[in-house]
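In what follows, a structure is listed as structure tokens, so that the remarks can point back to it.
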Amino acid sequence: MSSTLNVFPEFIAQFLDLHPPSIPSETPLSEIWAQFRVKMTEPPASSSPRDSLHSGYVCVVQGDRYLGLITAQEAIAVLAQGNDPRSIPVSHLITPGQAIITRDLLNHPPALYEVAQQHPFLLLLDEQQHCLGVLPSLALLKLSELAEAPLELGPLNPFEIALNHLPITVFRKDRQLRYTWIYKSFPGLDPQDILEHTNHDLFCAQDAMAWEAIEQRVLEQQQGSRQEIALTLNDRFHYYDLTVEPLLDEVGAVLGLVGTALDITRSYLNQQALTTLNEELETIVDERTIELQRSNAELLVSLSAARELNDLKSRFITLTSHEFRTPLTTILGSAELLKHYGQTWTSDKRQRYLDRIHDTVNHMTRLLNDVLTVGQAEAGQLTFSPTLINILDLFESAIEQVLTRTYRSRTIQLSHDLHARDLYLDQTLVSQIISNLLSNALKYSAADSAIEVYLKTEENQVIFQVQDHGIGIPEADQANLFTSFHRGKNAANIQGTGLGLSIVKNAVNLHGGQVTVESQEGSGSTFTVLLPLTPSPAYDDDSRD
Ligand code: ADP
């Protein structure tokens, strides 16, 4: 018999039941039931796989022709429906052709495997429907060679050809996650060492656990999964694109799983290198952006400084052309008159004209000094050089200086509450503060109104206050009063440049002090200056009053 089979001869011979139990087709089910029961409850007589496996079926014959076979389960199913086993002939239980295979099928392992999955026993018949034997499907399925068969279709197997150059491992596992079949093993692992083993036997605990968790989930949820995993093989990291699919039988029961592990180590590492490079590039770009923003901001500052300077220059030009022309005309006119008529004039008249020229030149000098001071202040060239100065003397001589010919009739009342007179301050800057505040007070008040100056020292500061009862300052102008060239709206008809208070502010700032104004339009103004006092390095106690 085995000589007629040219496929898997040894395998078939091992499992083929050449003399299966058979029964005529008209026998009632009740008769074979007793036979099944004995077979199922008694332990097998020998340990031969054939004996242990073939016990659950009986073949149905009609004469010398085999019609099919009945399994114990099929018999039980009929009994469970409440049928009377005595009235049902066994021929009714067989579905013709279902579990029957021909010799040809043995030459087609995939098809054979397919049928074996559907029936527990296979009845092998020849063309005349004579029995060649019965094969237990379980034995077939248990053989990994047969399970492998779908991929072993010979040298032209398209899968093998297609996968040849792909670093891919294809595997099948049973429900216990043991490898039952593998195509292209993992680096350094022989396929024979893998079969029948789980990942825990092959890989480090951490890798095996991570992988097992994926596969357990696939088994439980009966749903495929795809993700990247890392494996340490031969002390080297490998990265795999792992796909796992559940392997189900026709009724949906899980048989195990199939999977592919594509080695993506190279592209993974490339990707990582690329990511690192990208991150580095991003950091560099961020740094450059910050630098760029910083230099942009600096550029904007310099640009606005340049604009301001430009603005300042054009205002200087306007100022010089405007403010210098009048005094120059006065000087020129007086000089011309002196030249032509001087000899005929009385000496008093000549002196008046000479004084006018003198005063106008002084005015121009002050104007030029103011321009110079503001220019230096804008360029940050003014320095703070404190020395010990007698503040009362400084105020008295400043008052004397401002009350020249123009303001000869005016009065400035000076009062003070000084604990010390010699104070450590910058004389030039303090002089600028006083003279500007005093000349403004005189300029912006009526000829008959008084000016009060009050001087006071406190523990660590000196306070100057200059009060007038003049035109006052509109509230809208008060905020910008200390900016160069800013002039109050009500001061348009009074000569001025808008530089004095900016000089005051700058001088106060260089001392680290404060200047404030309280004013009401039409009622007068009070300017208050606070300068901090620091002890002079060579401070002499005797200088205190
Ligand atoms: P200028 O007096 O040359 O115009 P300042 O910088 O000294 O320039 O003053 C700026 C502006 O402040 C003046 O134009 C004026 O409108 C206002 N101001 C300053 N001091 C007084 C004051 N004592 N009374 C009224 N207005 C004043």
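As shown in the structure tokens, the chain order sets the letters A, B, ...; within each chain, residues go from 1, and ligands are also counted from 1 in the order they appear.
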
Inset, instruction - Run DSSP on the backbone of this structure and report the residues of segment 358-421 of chain A it assigns to strand (DSSP E or B), as a list of chain:residue names. - result: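 Reading the DSSP output for segment 358-421 of chain A, strand (DSSP E or B) covers A:Thr387, A:Leu388, A:Ile389, A:Asn390, A:Ile412, A:Gln413, A:Leu414, A:Ser415, A:His416, A:Asp417, A:Ala420.
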
Inset, instruction - Collect all residues with atoms no farther than 7 Å from ligand 1, counting only C-alpha atoms and all ligand atoms, and output them as a PyMOL selection string. - result: chain A and resi 436-437+440-441+444-445+468+470-473+481-482+484-491+495-502+524-525

Generate a file of the selected residues that holds N, CA, C and O atoms, formatted as a CSV table (one decimal), in the first residue's frame.
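Done, and the output landed in out_9.csv:
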chain,number,residue,atom,x,y,z
A,436,ASN,N,19.5,128.0,34.6
A,436,ASN,CA,18.4,127.8,33.7
A,436,ASN,C,17.1,128.0,34.4
A,436,ASN,O,16.1,128.6,33.9
A,437,LEU,N,17.0,127.5,35.7
A,437,LEU,CA,15.7,127.6,36.4
A,437,LEU,C,15.4,129.1,36.7
A,437,LEU,O,14.3,129.5,36.6
A,440,ASN,N,14.5,131.0,33.5
A,440,ASN,CA,13.1,130.7,33.1
A,440,ASN,C,12.1,131.4,34.0
A,440,ASN,O,11.1,132.0,33.5
A,441,ALA,N,12.4,131.4,35.3
A,441,ALA,CA,11.5,132.0,36.2
A,441,ALA,C,11.3,133.5,35.9
A,441,ALA,O,10.2,134.1,35.9
A,444,TYR,N,9.5,133.9,32.2
A,444,TYR,CA,8.1,133.6,32.1
A,444,TYR,C,7.2,134.2,33.2
A,444,TYR,O,6.2,133.7,33.5
A,445,SER,N,7.7,135.3,33.8
A,445,SER,CA,6.8,136.0,34.7
A,445,SER,C,6.9,137.5,34.5
A,445,SER,O,7.9,138.0,33.8
A,468,ASP,N,8.0,130.9,40.8
A,468,ASP,CA,7.6,132.2,40.2
A,468,ASP,C,6.1,132.3,40.2
A,468,ASP,O,5.4,131.3,40.5
A,470,GLY,N,4.4,133.5,37.4
A,470,GLY,CA,4.2,133.9,36.0
A,470,GLY,C,3.1,133.1,35.2
A,470,GLY,O,2.1,132.8,35.8
A,471,ILE,N,3.4,132.9,34.0
A,471,ILE,CA,2.4,132.4,33.1
A,471,ILE,C,2.0,130.9,33.3
A,471,ILE,O,1.0,130.4,32.9
A,472,GLY,N,2.9,130.2,34.1
A,472,GLY,CA,2.6,128.8,34.4
A,472,GLY,C,2.7,127.9,33.1
A,472,GLY,O,3.0,128.4,32.0
A,473,ILE,N,2.5,126.6,33.3
A,473,ILE,CA,2.7,125.7,32.2
A,473,ILE,C,1.5,124.9,32.0
A,473,ILE,O,0.9,124.3,32.9
A,481,LEU,N,8.2,118.5,29.2
A,481,LEU,CA,8.9,119.7,29.4
A,481,LEU,C,10.4,119.6,29.4
A,481,LEU,O,11.2,120.4,29.0
A,482,PHE,N,10.9,118.4,29.9
A,482,PHE,CA,12.3,118.2,30.0
A,482,PHE,C,13.0,117.6,28.8
A,482,PHE,O,14.1,117.2,28.8
A,484,SER,N,14.4,117.9,24.9
A,484,SER,CA,15.1,119.0,24.2
A,484,SER,C,14.1,119.5,23.2
A,484,SER,O,13.3,118.8,22.5
A,485,PHE,N,14.1,120.8,23.0
A,485,PHE,CA,13.3,121.6,22.1
A,485,PHE,C,11.8,121.7,22.4
A,485,PHE,O,11.1,122.3,21.6
A,486,HIS,N,11.4,121.0,23.4
A,486,HIS,CA,9.9,121.1,23.7
A,486,HIS,C,9.6,122.4,24.4
A,486,HIS,O,10.2,122.8,25.4
A,487,ARG,N,8.7,123.1,23.9
A,487,ARG,CA,8.3,124.4,24.4
A,487,ARG,C,6.8,124.4,24.7
A,487,ARG,O,6.0,123.8,24.0
A,488,GLY,N,6.4,125.1,25.8
A,488,GLY,CA,5.0,125.2,26.2
A,488,GLY,C,4.2,126.0,25.1
A,488,GLY,O,4.8,126.8,24.5
A,489,LYS,N,2.9,125.6,25.0
A,489,LYS,CA,2.1,126.3,23.9
A,489,LYS,C,2.0,127.8,24.3
A,489,LYS,O,1.9,128.6,23.4
A,490,ASN,N,2.0,128.1,25.6
A,490,ASN,CA,1.8,129.5,25.9
A,490,ASN,C,3.1,130.3,25.9
A,490,ASN,O,3.1,131.4,26.3
A,491,ALA,N,4.2,129.6,25.4
A,491,ALA,CA,5.5,130.3,25.5
A,491,ALA,C,5.9,130.8,24.1
A,491,ALA,O,7.0,131.2,23.9
A,495,GLN,N,10.9,134.5,23.7
A,495,GLN,CA,12.1,133.9,23.1
A,495,GLN,C,12.6,132.7,23.9
A,495,GLN,O,12.7,132.7,25.1
A,496,GLY,N,13.0,131.7,23.2
A,496,GLY,CA,13.5,130.5,23.9
A,496,GLY,C,13.8,129.4,22.9
A,496,GLY,O,13.4,129.4,21.7
A,497,THR,N,14.6,128.4,23.3
A,497,THR,CA,15.0,127.3,22.5
A,497,THR,C,14.5,126.0,22.8
A,497,THR,O,14.5,125.0,22.1
A,498,GLY,N,14.0,125.9,24.1
A,498,GLY,CA,13.5,124.6,24.5
A,498,GLY,C,14.7,123.6,25.0
A,498,GLY,O,14.5,122.4,25.0
A,499,LEU,N,15.8,124.2,25.3
A,499,LEU,CA,17.0,123.4,25.7
A,499,LEU,C,17.3,123.5,27.2
A,499,LEU,O,17.8,122.6,27.7
A,500,GLY,N,16.9,124.6,27.8
A,500,GLY,CA,17.2,124.8,29.2
A,500,GLY,C,16.9,123.7,30.1
A,500,GLY,O,17.7,123.2,30.9
A,501,LEU,N,15.6,123.3,30.1
A,501,LEU,CA,15.1,122.3,31.0
A,501,LEU,C,15.7,120.9,30.7
A,501,LEU,O,15.9,120.1,31.6
A,502,SER,N,16.0,120.6,29.5
A,502,SER,CA,16.7,119.4,29.1
A,502,SER,C,18.1,119.4,29.7
A,502,SER,O,18.6,118.3,30.2
A,524,GLY,N,1.7,130.5,37.9
A,524,GLY,CA,3.1,130.3,38.2
A,524,GLY,C,3.5,128.9,38.3
A,524,GLY,O,2.8,128.0,38.2
A,525,SER,N,4.8,128.8,38.5
A,525,SER,CA,5.4,127.4,38.6
A,525,SER,C,6.4,127.3,39.7
A,525,SER,O,7.1,128.3,40.1

Legend entry - For Ser536 of chain A, the nearest of the candidates A:Ser409, A:Thr232, A:Thr387, A:Ser225, counting only C-alpha atoms: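 Checking each candidate against Ser536 of chain A, we get A:Thr387 as the closest.
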
Legend entry - Contacts of Ser30 of chain A within 12 Å, only C-alpha atoms, excl. fewer than 2 positions in-chain, as a count of residues only: 21

Inset, instruction - Once DSSP has gone over the backbone, tell me which residues of segment 211-241 of chain A are in helix (DSSP H, G or I), as an NGL selection string. - result: :A and (211-221)

Inset, instruction - Excluding segment 121-137 of chain A and residues on its chain fewer than 2 positions from it, collect all residues at most 6 Å away from it, counting only C-alpha atoms, and give them as a PyMOL selection string. - result: chain A and resi 16-18+65-66+99-102+116+119+139-140

Filtering to N, CA, C and O atoms, could you give me those residues as an mmCIF file, in the first residue's frame?
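The result, stored in result22.cif:
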data_model
loop_
_atom_site.group_PDB
_atom_site.id
_atom_site.type_symbol
_atom_site.label_atom_id
_atom_site.label_comp_id
_atom_site.auth_asym_id
_atom_site.auth_seq_id
_atom_site.Cartn_x
_atom_site.Cartn_y
_atom_site.Cartn_z
ATOM 1 N N LEU A 16 -0.970 6.191 8.932
ATOM 2 C CA LEU A 16 -2.108 5.658 8.186
ATOM 3 C C LEU A 16 -2.666 4.409 8.881
ATOM 4 O O LEU A 16 -1.938 3.466 9.167
ATOM 5 N N ASP A 17 -3.980 4.474 9.136
ATOM 6 C CA ASP A 17 -4.653 3.310 9.711
ATOM 7 C C ASP A 17 -5.158 2.462 8.533
ATOM 8 O O ASP A 17 -6.148 2.815 7.870
ATOM 9 N N LEU A 18 -4.414 1.382 8.281
ATOM 10 C CA LEU A 18 -4.709 0.588 7.082
ATOM 11 C C LEU A 18 -5.965 -0.276 7.247
ATOM 12 O O LEU A 18 -6.572 -0.695 6.270
ATOM 13 N N ARG A 65 -17.246 -1.039 -0.919
ATOM 14 C CA ARG A 65 -17.022 0.400 -1.167
ATOM 15 C C ARG A 65 -17.178 1.211 0.116
ATOM 16 O O ARG A 65 -18.110 0.996 0.878
ATOM 17 N N TYR A 66 -16.285 2.096 0.307
ATOM 18 C CA TYR A 66 -16.320 2.959 1.506
ATOM 19 C C TYR A 66 -17.094 4.245 1.218
ATOM 20 O O TYR A 66 -16.827 4.926 0.228
ATOM 21 N N ALA A 99 -15.000 14.048 4.399
ATOM 22 C CA ALA A 99 -13.700 13.757 5.000
ATOM 23 C C ALA A 99 -12.898 12.801 4.137
ATOM 24 O O ALA A 99 -11.963 12.170 4.599
ATOM 25 N N ILE A 100 -13.314 12.724 2.862
ATOM 26 C CA ILE A 100 -12.661 11.746 1.984
ATOM 27 C C ILE A 100 -11.597 12.426 1.133
ATOM 28 O O ILE A 100 -11.844 13.493 0.564
ATOM 29 N N ILE A 101 -10.449 11.825 1.076
ATOM 30 C CA ILE A 101 -9.404 12.372 0.213
ATOM 31 C C ILE A 101 -8.912 11.296 -0.748
ATOM 32 O O ILE A 101 -9.020 10.100 -0.451
ATOM 33 N N THR A 102 -8.377 11.771 -1.866
ATOM 34 C CA THR A 102 -7.811 10.823 -2.835
ATOM 35 C C THR A 102 -6.304 10.908 -2.760
ATOM 36 O O THR A 102 -5.763 11.856 -2.162
ATOM 37 N N ALA A 116 -7.395 18.877 6.302
ATOM 38 C CA ALA A 116 -7.060 18.369 7.635
ATOM 39 C C ALA A 116 -7.520 19.319 8.725
ATOM 40 O O ALA A 116 -7.844 18.903 9.833
ATOM 41 N N HIS A 119 -11.441 18.511 9.221
ATOM 42 C CA HIS A 119 -11.933 17.200 9.683
ATOM 43 C C HIS A 119 -10.915 16.523 10.572
ATOM 44 O O HIS A 119 -9.724 16.551 10.259
ATOM 45 N N ALA A 139 -2.440 14.452 13.596
ATOM 46 C CA ALA A 139 -1.063 14.022 13.338
ATOM 47 C C ALA A 139 -0.462 14.831 12.199
ATOM 48 O O ALA A 139 0.687 15.256 12.257
ATOM 49 N N LEU A 140 -1.302 15.067 11.184
ATOM 50 C CA LEU A 140 -0.816 15.849 10.043
ATOM 51 C C LEU A 140 -0.465 17.269 10.474
ATOM 52 O O LEU A 140 0.585 17.814 10.162
#

Legend entry - Shell around Tyr179 of chain A at 9 Å using only C-alpha atoms, local window under 6 positions removed, as a PyMOL selection string: chain A and resi 171-173+194-199

Inset, instruction - For Thr457 of chain A, work out the shell of residues within 7 Å, counting only C-alpha atoms and skipping chain neighbours fewer than 4 positions away, then give it as a list in words. - result: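 The residues that qualify are Asp417, Leu418, His419, Gln461, Val462 and Ile463 of chain A.
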
What does the file look like for those residues with all heavy atoms, as a CSV table (one decimal), in the first residue's frame?
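The resulting selection.csv:
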chain,number,residue,atom,x,y,z
A,417,ASP,N,17.7,126.9,54.5
A,417,ASP,CA,17.8,126.1,55.7
A,417,ASP,C,18.9,125.1,55.6
A,417,ASP,O,18.6,123.9,55.3
A,417,ASP,CB,16.4,125.5,55.9
A,417,ASP,CG,16.3,124.8,57.3
A,417,ASP,OD1,17.2,124.9,58.1
A,417,ASP,OD2,15.2,124.1,57.5
A,418,LEU,N,20.1,125.5,55.6
A,418,LEU,CA,21.2,124.7,55.3
A,418,LEU,C,21.9,124.2,56.6
A,418,LEU,O,22.3,125.0,57.4
A,418,LEU,CB,22.2,125.4,54.4
A,418,LEU,CG,21.8,125.8,53.0
A,418,LEU,CD1,22.7,126.7,52.4
A,418,LEU,CD2,21.7,124.5,52.2
A,419,HIS,N,22.2,122.9,56.7
A,419,HIS,CA,23.0,122.4,57.8
A,419,HIS,C,24.4,122.5,57.4
A,419,HIS,O,25.3,122.5,58.3
A,419,HIS,CB,22.6,121.0,58.1
A,419,HIS,CG,21.2,120.8,58.4
A,419,HIS,ND1,20.3,119.9,57.8
A,419,HIS,CD2,20.4,121.4,59.3
A,419,HIS,CE1,19.1,120.0,58.3
A,419,HIS,NE2,19.1,120.9,59.2
A,461,GLN,N,20.3,114.8,51.4
A,461,GLN,CA,20.1,115.4,50.1
A,461,GLN,C,20.0,116.9,50.3
A,461,GLN,O,19.8,117.4,51.4
A,461,GLN,CB,18.8,114.9,49.5
A,461,GLN,CG,17.5,115.1,50.3
A,461,GLN,CD,16.3,114.4,49.7
A,461,GLN,OE1,16.4,113.8,48.7
A,461,GLN,NE2,15.2,114.6,50.3
A,462,VAL,N,20.1,117.6,49.1
A,462,VAL,CA,20.0,119.0,49.1
A,462,VAL,C,18.8,119.3,48.2
A,462,VAL,O,18.6,118.6,47.2
A,462,VAL,CB,21.3,119.7,48.6
A,462,VAL,CG1,21.7,119.3,47.3
A,462,VAL,CG2,21.1,121.3,48.7
A,463,ILE,N,18.0,120.3,48.6
A,463,ILE,CA,16.8,120.6,47.8
A,463,ILE,C,16.8,122.1,47.4
A,463,ILE,O,17.1,123.0,48.2
A,463,ILE,CB,15.5,120.4,48.7
A,463,ILE,CG1,15.5,119.0,49.2
A,463,ILE,CG2,14.2,120.8,47.9
A,463,ILE,CD1,14.4,118.7,50.3

Legend entry - All residues 8 Å or closer to Ala230 of chain A, only C-alpha atoms, same chain fewer than 5 positions away omitted, as JSON, numbers by chain: {"A": [207, 237, 238, 239, 240]}

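For the set A:Ala492, A:Ala507, A:Ile433, A:Leu277, the residue with the smallest atom-to-atom gap to Gly380 of chain A is A:Ala507, counting only C-alpha atoms.
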
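Rounded to one decimal, atom CA of Asp190 of chain A and atom CA of Asn234 of chain A lie 13.1 Å from each other.
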
Legend entry - Between atom CA of Pro120 of chain A and atom CA of Val170 of chain A - distance in Å to one decimal: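 Between atom CA of Val170 of chain A and atom CA of Pro120 of chain A the gap works out to 27.7 Å.
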